[in-house]
>>> print(open('start_11.cif').read())   # mmCIF, C-alpha atoms
data_target
loop_
_atom_site.label_atom_id
_atom_site.label_comp_id
_atom_site.auth_asym_id
_atom_site.auth_seq_id
_atom_site.Cartn_x
_atom_site.Cartn_y
_atom_site.Cartn_z
CA MET P 1 -44.12 -17.14 83.93
CA THR P 2 -44.19 -20.85 83.06
CA ASN P 3 -42.26 -22.18 80.09
CA LYS P 4 -45.60 -22.97 78.44
CA ASN P 5 -46.50 -19.28 78.44
CA MET P 6 -43.00 -18.02 77.65
CA PRO P 7 -42.90 -15.63 74.66
CA ARG P 8 -41.33 -17.27 71.60
CA LEU P 9 -39.87 -15.63 68.51
CA LEU P 10 -38.78 -17.08 65.17
CA ILE P 11 -35.90 -15.05 63.79
CA ASN P 12 -33.56 -15.42 60.83
CA LYS P 13 -30.26 -15.14 62.71
CA GLU P 14 -27.64 -17.56 63.99
CA LEU P 15 -28.12 -18.67 67.59
CA LYS P 16 -25.16 -19.64 69.78
CA ASP P 17 -23.57 -19.20 73.21
CA ASN P 18 -22.69 -15.68 74.35
CA SER P 19 -24.43 -14.02 71.41
CA THR P 20 -26.29 -10.73 71.28
CA ILE P 21 -29.05 -10.17 68.76
CA GLU P 22 -30.98 -7.09 67.78
CA LEU P 23 -34.60 -7.58 66.79
CA ASN P 24 -36.34 -6.13 63.78
CA LYS P 25 -38.89 -3.37 64.31
CA SER P 26 -41.91 -5.67 64.25
CA ASP P 27 -40.58 -8.20 66.79
CA LYS P 28 -39.32 -5.42 69.03
CA HIS P 29 -42.75 -3.77 69.00
CA TYR P 30 -44.41 -7.11 69.83
CA LEU P 31 -42.24 -7.72 72.89
CA LYS P 32 -42.01 -4.15 74.12
CA VAL P 33 -45.43 -2.69 73.36
CA VAL P 34 -47.79 -5.66 73.04
CA LEU P 35 -46.33 -7.94 75.74
CA ARG P 36 -44.82 -5.07 77.76
CA LEU P 37 -41.62 -6.95 78.51
CA LYS P 38 -38.67 -5.15 80.03
CA GLN P 39 -35.02 -5.53 80.97
CA GLY P 40 -34.31 -8.91 82.57
CA ASP P 41 -37.33 -10.69 81.10
CA VAL P 42 -36.75 -13.97 79.27
CA VAL P 43 -37.74 -14.74 75.66
CA ASN P 44 -37.35 -18.07 73.86
CA ILE P 45 -35.77 -17.71 70.42
CA PHE P 46 -35.52 -20.24 67.58
CA ASN P 47 -34.56 -20.13 63.90
CA GLY P 48 -35.43 -23.62 62.64
CA LYS P 49 -31.74 -24.61 62.51
CA ASP P 50 -29.95 -24.11 65.84
CA GLY P 51 -32.49 -25.35 68.36
CA GLU P 52 -34.34 -23.15 70.84
CA TRP P 53 -32.60 -20.76 73.24
CA GLU P 54 -33.41 -18.65 76.26
CA PHE P 55 -32.48 -15.01 75.74
CA ILE P 56 -32.63 -12.16 78.25
CA ILE P 57 -33.67 -8.63 77.35
CA ASN P 58 -30.54 -6.56 77.93
CA ASN P 59 -31.88 -3.04 78.34
CA ASN P 60 -35.06 -1.07 77.90
CA LYS P 61 -33.61 1.43 75.42
CA GLN P 62 -31.88 -0.74 72.81
CA PHE P 63 -34.00 -3.80 73.66
CA ASN P 64 -31.39 -6.23 72.36
CA LEU P 65 -31.24 -9.82 73.59
CA ILE P 66 -28.39 -11.82 75.12
CA SER P 67 -28.29 -15.62 74.94
CA LYS P 68 -28.59 -17.45 78.26
CA LYS P 69 -28.75 -21.16 77.44
CA LYS P 70 -29.93 -23.67 74.88
CA ILE P 71 -33.16 -25.35 76.01
CA ARG P 72 -34.10 -27.58 73.03
CA ASN P 73 -32.05 -29.33 70.39
CA GLN P 74 -33.07 -28.95 66.78
CA LYS P 75 -35.37 -31.61 65.39
CA LYS P 76 -35.38 -33.01 61.87
CA LEU P 77 -38.01 -31.50 59.61
CA ASN P 78 -40.48 -34.33 59.05
CA GLY P 79 -44.09 -34.34 57.92
CA PRO P 80 -46.00 -34.37 54.64
CA THR P 81 -45.91 -31.82 51.82
CA LEU P 82 -49.12 -29.96 51.03
CA TYR P 83 -49.90 -29.04 47.42
CA PHE P 84 -52.88 -26.70 47.55
CA ALA P 85 -54.80 -24.62 45.04
CA LEU P 86 -55.03 -20.95 45.99
CA ILE P 87 -58.26 -20.00 47.75
CA LYS P 88 -59.73 -16.83 49.24
CA ASN P 89 -57.27 -14.93 51.40
CA HIS P 90 -59.03 -15.23 54.78
CA ASN P 91 -59.53 -18.98 54.27
CA LEU P 92 -55.95 -19.33 53.05
CA ARG P 93 -54.58 -17.71 56.20
CA TRP P 94 -56.54 -20.09 58.41
CA MET P 95 -55.38 -23.09 56.39
CA ILE P 96 -51.71 -22.08 56.50
CA GLU P 97 -51.79 -21.48 60.24
CA LYS P 98 -53.48 -24.78 61.08
CA ALA P 99 -51.38 -26.81 58.63
CA THR P 100 -48.25 -25.38 60.24
CA GLU P 101 -49.52 -26.37 63.68
CA LEU P 102 -50.19 -29.88 62.36
CA GLY P 103 -46.62 -30.39 61.17
CA VAL P 104 -46.65 -29.83 57.42
CA LYS P 105 -43.14 -29.87 55.93
CA LYS P 106 -43.60 -27.85 52.72
CA PHE P 107 -46.28 -25.63 51.23
CA TYR P 108 -46.71 -25.56 47.44
CA PRO P 109 -49.36 -23.10 46.17
CA LEU P 110 -50.94 -24.08 42.85
CA ILE P 111 -52.78 -22.31 40.05
CA THR P 112 -55.55 -24.54 38.67
CA ASP P 113 -58.41 -24.19 36.18
CA ARG P 114 -60.86 -23.12 38.88
CA THR P 115 -58.54 -21.01 40.98
CA ASN P 116 -60.40 -17.77 41.76
CA ASN P 117 -57.63 -16.04 43.70
CA LYS P 118 -54.48 -15.98 41.56
CA LYS P 119 -52.64 -13.46 43.71
CA PHE P 120 -50.41 -14.88 46.41
CA ASN P 121 -48.62 -12.68 48.93
CA GLU P 122 -45.60 -14.75 49.98
CA LYS P 123 -44.57 -12.25 52.66
CA LYS P 124 -47.94 -12.41 54.38
CA ALA P 125 -48.10 -16.18 54.05
CA PHE P 126 -44.73 -16.55 55.76
CA LEU P 127 -45.87 -14.27 58.58
CA HIS P 128 -48.78 -16.67 59.14
CA ILE P 129 -46.28 -19.57 59.25
CA LYS P 130 -44.05 -17.63 61.66
CA GLU P 131 -46.88 -16.83 64.05
CA ALA P 132 -48.17 -20.41 64.00
CA CYS P 133 -44.69 -21.79 64.79
CA GLU P 134 -44.24 -19.33 67.65
CA VAL P 135 -47.63 -19.97 69.25
CA SER P 136 -47.73 -23.75 68.80
CA GLY P 137 -44.28 -24.48 70.21
CA ARG P 138 -43.07 -25.88 66.91
CA ILE P 139 -39.27 -25.76 66.53
CA THR P 140 -39.04 -26.68 62.84
CA VAL P 141 -40.15 -24.23 60.15
CA PRO P 142 -42.00 -25.41 57.03
CA SER P 143 -40.78 -24.07 53.71
CA LEU P 144 -42.98 -21.95 51.47
CA GLU P 145 -42.35 -22.68 47.79
CA LYS P 146 -43.09 -20.61 44.71
CA ILE P 147 -46.42 -20.86 42.89
CA THR P 148 -46.42 -23.78 40.48
CA ASN P 149 -48.83 -25.93 38.46
CA LEU P 150 -50.11 -29.49 38.37
CA LYS P 151 -47.82 -30.78 35.65
CA LYS P 152 -44.69 -29.60 37.43
CA ILE P 153 -45.59 -31.04 40.82
CA LEU P 154 -46.75 -34.37 39.40
CA GLU P 155 -43.55 -34.78 37.40
CA GLN P 156 -41.48 -33.71 40.41
CA THR P 157 -43.17 -36.12 42.82
CA LYS P 158 -42.91 -38.96 40.32
CA LYS P 159 -39.18 -38.33 39.99
CA ASN P 160 -38.78 -38.20 43.80
CA SER P 161 -40.79 -41.42 44.31
CA ASP P 162 -43.35 -39.62 46.46
CA THR P 163 -46.84 -40.95 47.04
CA VAL P 164 -49.29 -38.17 46.22
CA ILE P 165 -52.62 -38.53 47.98
CA PHE P 166 -55.28 -36.85 45.88
CA CYS P 167 -57.99 -35.62 48.24
CA ASN P 168 -60.86 -36.17 45.84
CA GLU P 169 -64.62 -35.75 46.21
CA ASN P 170 -65.45 -39.06 44.52
CA ARG P 171 -67.68 -41.08 46.84
CA LYS P 172 -66.44 -44.33 45.24
CA ASP P 173 -62.90 -43.82 46.58
CA ASP P 174 -61.78 -45.42 49.82
CA PHE P 175 -61.28 -43.28 52.92
CA LEU P 176 -57.87 -41.72 53.56
CA HIS P 177 -57.78 -43.36 56.99
CA ASN P 178 -57.99 -46.84 55.47
CA TYR P 179 -55.17 -46.17 53.02
CA LEU P 180 -52.87 -44.69 55.67
CA LEU P 181 -53.37 -47.59 58.06
CA LYS P 182 -51.23 -49.69 55.71
CA ASN P 183 -49.05 -46.97 54.18
CA ILE P 184 -48.31 -44.46 56.94
CA ASN P 185 -44.53 -44.84 56.59
CA LYS P 186 -44.43 -43.94 52.91
CA LYS P 187 -43.18 -40.57 51.70
CA ILE P 188 -46.54 -38.81 51.64
CA SER P 189 -47.76 -35.62 49.93
CA PHE P 190 -51.31 -34.28 49.87
CA LEU P 191 -52.97 -32.64 46.87
CA VAL P 192 -56.02 -30.44 47.56
CA GLY P 193 -58.01 -28.51 44.97
CA PRO P 194 -59.69 -25.10 44.95
CA GLU P 195 -63.27 -24.08 45.75
CA GLY P 196 -65.35 -26.15 43.35
CA GLY P 197 -62.68 -28.82 43.01
CA PHE P 198 -60.46 -29.68 40.06
CA SER P 199 -61.90 -29.61 36.56
CA LEU P 200 -62.71 -32.92 34.85
CA SER P 201 -59.67 -32.63 32.60
CA GLU P 202 -57.42 -31.92 35.59
CA GLU P 203 -58.86 -34.85 37.51
CA SER P 204 -58.22 -37.17 34.57
CA PHE P 205 -54.68 -35.80 34.24
CA ILE P 206 -53.95 -36.28 37.94
CA LYS P 207 -55.18 -39.88 37.90
CA SER P 208 -53.04 -40.69 34.86
CA TYR P 209 -49.99 -40.81 37.16
CA ASN P 210 -49.55 -44.16 38.87
CA HIS P 211 -47.94 -42.65 42.00
CA VAL P 212 -51.18 -40.76 42.77
CA ILE P 213 -53.69 -42.35 45.15
CA SER P 214 -57.23 -40.96 45.02
CA VAL P 215 -59.07 -40.99 48.37
CA LYS P 216 -62.10 -39.44 50.00
CA LEU P 217 -61.94 -37.62 53.31
CA PHE P 218 -65.58 -37.48 54.30
CA ASP P 219 -69.02 -38.55 53.16
CA ARG P 220 -70.02 -34.96 52.50
CA VAL P 221 -68.48 -32.21 50.38
CA ILE P 222 -66.16 -30.07 52.51
CA ARG P 223 -64.41 -26.79 51.85
CA ALA P 224 -60.91 -26.76 50.40
CA GLU P 225 -59.28 -25.43 53.56
CA THR P 226 -61.17 -27.97 55.69
CA ALA P 227 -59.95 -30.77 53.41
CA SER P 228 -56.31 -29.79 53.95
CA ILE P 229 -56.66 -29.73 57.71
CA LEU P 230 -58.66 -32.95 57.87
CA ALA P 231 -56.08 -34.79 55.74
CA LEU P 232 -53.20 -33.60 57.92
CA SER P 233 -55.11 -34.42 61.11
CA VAL P 234 -55.78 -37.99 59.98
CA PHE P 235 -52.13 -38.39 58.99
CA GLN P 236 -50.82 -37.10 62.33
CA SER P 237 -53.26 -39.15 64.41
CA LEU P 238 -51.96 -42.34 62.77
CA LYS P 239 -48.31 -41.29 62.60
CA GLU P 240 -48.14 -40.61 66.33
CA ARG P 241 -49.81 -43.78 67.54
#
>>> encode(input="start_11.cif", output="C-alpha cells")
Amino acid sequence: MTNKNMPRLLINKELKDNSTIELNKSDKHYLKVVLRLKQGDVVNIFNGKDGEWEFIINNNKQFNLISKKKIRNQKKLNGPTLYFALIKNHNLRWMIEKATELGVKKFYPLITDRTNNKKFNEKKAFLHIKEACEVSGRITVPSLEKITNLKKILEQTKKNSDTVIFCNENRKDDFLHNYLLKNINKKISFLVGPEGGFSLSEESFIKSYNHVISVKLFDRVIRAETASILALSVFQSLKER
C-alpha cells in the first residue's frame, strides 16, 4: 500500500514515541470491519498537535495501535476564517467537507434573519471535519465555534483587526479576485449568507463597519454553499502562487 492510500485517522490523544493507543468503537470498526485491516498493518495517526505518525496494529483481538515513527512534523494552522449562515443539512455537510479540504482555519455558524435551519448538530459537523481531514491528507484541524450572530462577529473582527470579506450579490461590487490580488497577505475572513441572502437591514448593518469589504464572486447568483467554496478556492489559488 502506497503512502497516498494509507489509512489515516484523526484522534484526540497524545502522540509520541513508544506509545500505545486504544481506538474508540467507531474508529476501530472503520479499520477492522470496513477496511479489513489486521495485525501488522500500518495506519497513519494525527491529532492536529503532534504531527503525523505511523502506527502498527498490535493484535486482532484488542486492535490497539503501537507507534512506529513520526512521518510529518506539525504545521501551523493558517488559512481564513469562514463565517457562514446555517443552511440545509445536506448542503451544510458538503460545504463543511470542502471548506476543510480547502484549508479553512475556523468555522463560525451564524443565525441570520433568513436562516431557515436554526438547528446545528456540532457533533455531526465535527465528524464531517474529521473525515475531510483524514481523506484529504490535511494535518491541521480547523476549529468549530459555537453558533453566534452578526453583531458579535463584526465587533470581534473589528477588535482583532481582521479584514472581513462580505461575499455579496451586488453586481456593482468588484470581484473577489481583484481585491485579493493586492491584499492576499491580510488577515482574511469570509462572510457568507443563507439561502436568499442577508436581509436589507443586515446588509446595511454589515456595510456600516469599515473593516468589511463587499465583493462579488460571480456574475450570476450562486447558492450559499457554492459561494463559500468559490471564495476559499479563489483565496487558495492566489495564496499558493
>>> axis_aligned_box(input="start_11.cif", around="segment 154-162 of chain P", padding_each_side="5 Å", output="lines of an AutoDock Vina configuration file")
center_x = -42.8
center_y = -37.6
center_z = 41.9
size_x = 18.0
size_y = 17.7
size_z = 19.1
>>> resolve_selection(input="start_11.cif", expression="the PyMOL selection byres ((chain P and resi 66) around 6)", output="VMD selection string")
chain P and resid 19 to 20 55 to 56 65 67
>>> closest_residue(input="start_11.cif", among="P:Asn5, P:Asn58, P:Asn91, P:Asn170", to="Gln39 of chain P", atoms="only C-alpha atoms")
P:Asn58
>>> atom_distance(input="start_11.cif", atom1="atom CA of Gly40 of chain P", atom2="atom CA of Ile139 of chain P")
23.8 Å
>>> atom_distance(input="start_11.cif", atom1="atom CA of Lys151 of chain P", atom2="atom CA of Phe205 of chain P")
8.6 Å
>>> resolve_selection(input="start_11.cif", expression="the PyMOL selection byres ((chain P and resi 72-79) around 9)", output="ChimeraX atom specification")
/P:48-53,70-71,80-81,102-106,139-142,187-189,236
>>> resolve_selection(input="start_11.cif", expression="the PyMOL selection byres ((chain P and resi 99) around 9)", output="list in words")
Leu82, Trp94, Met95, Ile96, Glu97, Lys98, Thr100, Glu101, Leu102, Gly103, Val104, Ile129, Ala132, Ser228, Ile229, Leu232 and Ser233 of chain P
>>> residues_near_point(input="start_11.cif", point="(-33.1, -12.7, 72.4)", cutoff="12 Å", atoms="only C-alpha atoms", output="PyMOL selection string")
chain P and resi 7-24+27-28+31+37+39-47+52-59+63-70
>>> write_last_selection(input="start_11.cif", atoms="C-alpha atoms", output="PDB file, in the frame of the given file")
ATOM      1  CA  PRO P   7     -42.900 -15.630  74.660  1.00  0.00           C
ATOM      2  CA  ARG P   8     -41.330 -17.270  71.600  1.00  0.00           C
ATOM      3  CA  LEU P   9     -39.870 -15.630  68.510  1.00  0.00           C
ATOM      4  CA  LEU P  10     -38.780 -17.080  65.170  1.00  0.00           C
ATOM      5  CA  ILE P  11     -35.900 -15.050  63.790  1.00  0.00           C
ATOM      6  CA  ASN P  12     -33.560 -15.420  60.830  1.00  0.00           C
ATOM      7  CA  LYS P  13     -30.260 -15.140  62.710  1.00  0.00           C
ATOM      8  CA  GLU P  14     -27.640 -17.560  63.990  1.00  0.00           C
ATOM      9  CA  LEU P  15     -28.120 -18.670  67.590  1.00  0.00           C
ATOM     10  CA  LYS P  16     -25.160 -19.640  69.780  1.00  0.00           C
ATOM     11  CA  ASP P  17     -23.570 -19.200  73.210  1.00  0.00           C
ATOM     12  CA  ASN P  18     -22.690 -15.680  74.350  1.00  0.00           C
ATOM     13  CA  SER P  19     -24.430 -14.020  71.410  1.00  0.00           C
ATOM     14  CA  THR P  20     -26.290 -10.730  71.280  1.00  0.00           C
ATOM     15  CA  ILE P  21     -29.050 -10.170  68.760  1.00  0.00           C
ATOM     16  CA  GLU P  22     -30.980  -7.090  67.780  1.00  0.00           C
ATOM     17  CA  LEU P  23     -34.600  -7.580  66.790  1.00  0.00           C
ATOM     18  CA  ASN P  24     -36.340  -6.130  63.780  1.00  0.00           C
ATOM     19  CA  ASP P  27     -40.580  -8.200  66.790  1.00  0.00           C
ATOM     20  CA  LYS P  28     -39.320  -5.420  69.030  1.00  0.00           C
ATOM     21  CA  LEU P  31     -42.240  -7.720  72.890  1.00  0.00           C
ATOM     22  CA  LEU P  37     -41.620  -6.950  78.510  1.00  0.00           C
ATOM     23  CA  GLN P  39     -35.020  -5.530  80.970  1.00  0.00           C
ATOM     24  CA  GLY P  40     -34.310  -8.910  82.570  1.00  0.00           C
ATOM     25  CA  ASP P  41     -37.330 -10.690  81.100  1.00  0.00           C
ATOM     26  CA  VAL P  42     -36.750 -13.970  79.270  1.00  0.00           C
ATOM     27  CA  VAL P  43     -37.740 -14.740  75.660  1.00  0.00           C
ATOM     28  CA  ASN P  44     -37.350 -18.070  73.860  1.00  0.00           C
ATOM     29  CA  ILE P  45     -35.770 -17.710  70.420  1.00  0.00           C
ATOM     30  CA  PHE P  46     -35.520 -20.240  67.580  1.00  0.00           C
ATOM     31  CA  ASN P  47     -34.560 -20.130  63.900  1.00  0.00           C
ATOM     32  CA  GLU P  52     -34.340 -23.150  70.840  1.00  0.00           C
ATOM     33  CA  TRP P  53     -32.600 -20.760  73.240  1.00  0.00           C
ATOM     34  CA  GLU P  54     -33.410 -18.650  76.260  1.00  0.00           C
ATOM     35  CA  PHE P  55     -32.480 -15.010  75.740  1.00  0.00           C
ATOM     36  CA  ILE P  56     -32.630 -12.160  78.250  1.00  0.00           C
ATOM     37  CA  ILE P  57     -33.670  -8.630  77.350  1.00  0.00           C
ATOM     38  CA  ASN P  58     -30.540  -6.560  77.930  1.00  0.00           C
ATOM     39  CA  ASN P  59     -31.880  -3.040  78.340  1.00  0.00           C
ATOM     40  CA  PHE P  63     -34.000  -3.800  73.660  1.00  0.00           C
ATOM     41  CA  ASN P  64     -31.390  -6.230  72.360  1.00  0.00           C
ATOM     42  CA  LEU P  65     -31.240  -9.820  73.590  1.00  0.00           C
ATOM     43  CA  ILE P  66     -28.390 -11.820  75.120  1.00  0.00           C
ATOM     44  CA  SER P  67     -28.290 -15.620  74.940  1.00  0.00           C
ATOM     45  CA  LYS P  68     -28.590 -17.450  78.260  1.00  0.00           C
ATOM     46  CA  LYS P  69     -28.750 -21.160  77.440  1.00  0.00           C
ATOM     47  CA  LYS P  70     -29.930 -23.670  74.880  1.00  0.00           C
TER      48      LYS P  70
END
>>> residues_around(input="start_11.cif", residues="segment 207-212 of chain P", least_positions_apart="5", cutoff="6 Å", atoms="all atoms listed in the file", output="PyMOL selection string")
chain P and resi 163-165
>>> closest_residue(input="start_11.cif", among="P:Asn168, P:Asn185, P:Ser199, P:Thr115", to="Asp219 of chain P", atoms="only C-alpha atoms")
P:Asn168
>>> atom_distance(input="start_11.cif", atom1="atom CA of Lys88 of chain P", atom2="atom CA of Thr157 of chain P")
26.2 Å
>>> residues_around(input="start_11.cif", residues="segment 175-181 of chain P", least_positions_apart="2", cutoff="9 Å", atoms="only C-alpha atoms", output="MDAnalysis selection string")
chainID P and resid 165 167 173 183:186 213:218 231 234:235 238:239
>>> closest_residue(input="start_11.cif", among="P:Ser136, P:Thr148, P:Ser201, P:Asn89", to="Tyr108 of chain P", atoms="all atoms listed in the file")
P:Thr148
>>> residues_near_point(input="start_11.cif", point="(-53.0, -26.0, 44.2)", cutoff="10 Å", atoms="only C-alpha atoms", output="MDAnalysis selection string")
chainID P and resid 82:87 107:115 147:150 153 191:194 198
>>> write_last_selection(input="start_11.cif", atoms="C-alpha atoms", output="short mmCIF file (atom, residue, chain, number, x, y, z; two decimals), in the frame of the given file")
data_model
loop_
_atom_site.label_atom_id
_atom_site.label_comp_id
_atom_site.auth_asym_id
_atom_site.auth_seq_id
_atom_site.Cartn_x
_atom_site.Cartn_y
_atom_site.Cartn_z
CA LEU P 82 -49.12 -29.96 51.03
CA TYR P 83 -49.90 -29.04 47.42
CA PHE P 84 -52.88 -26.70 47.55
CA ALA P 85 -54.80 -24.62 45.04
CA LEU P 86 -55.03 -20.95 45.99
CA ILE P 87 -58.26 -20.00 47.75
CA PHE P 107 -46.28 -25.63 51.23
CA TYR P 108 -46.71 -25.56 47.44
CA PRO P 109 -49.36 -23.10 46.17
CA LEU P 110 -50.94 -24.08 42.85
CA ILE P 111 -52.78 -22.31 40.05
CA THR P 112 -55.55 -24.54 38.67
CA ASP P 113 -58.41 -24.19 36.18
CA ARG P 114 -60.86 -23.12 38.88
CA THR P 115 -58.54 -21.01 40.98
CA ILE P 147 -46.42 -20.86 42.89
CA THR P 148 -46.42 -23.78 40.48
CA ASN P 149 -48.83 -25.93 38.46
CA LEU P 150 -50.11 -29.49 38.37
CA ILE P 153 -45.59 -31.04 40.82
CA LEU P 191 -52.97 -32.64 46.87
CA VAL P 192 -56.02 -30.44 47.56
CA GLY P 193 -58.01 -28.51 44.97
CA PRO P 194 -59.69 -25.10 44.95
CA PHE P 198 -60.46 -29.68 40.06
#
>>> closest_residue(input="start_11.cif", among="P:Phe126, P:Phe120, P:Tyr30, P:Phe190", to="Phe166 of chain P", atoms="only C-alpha atoms")
P:Phe190
>>> closest_residue(input="start_11.cif", among="P:Arg220, P:Arg36, P:Lys119, P:Lys146", to="Arg171 of chain P", atoms="only C-alpha atoms")
P:Arg220
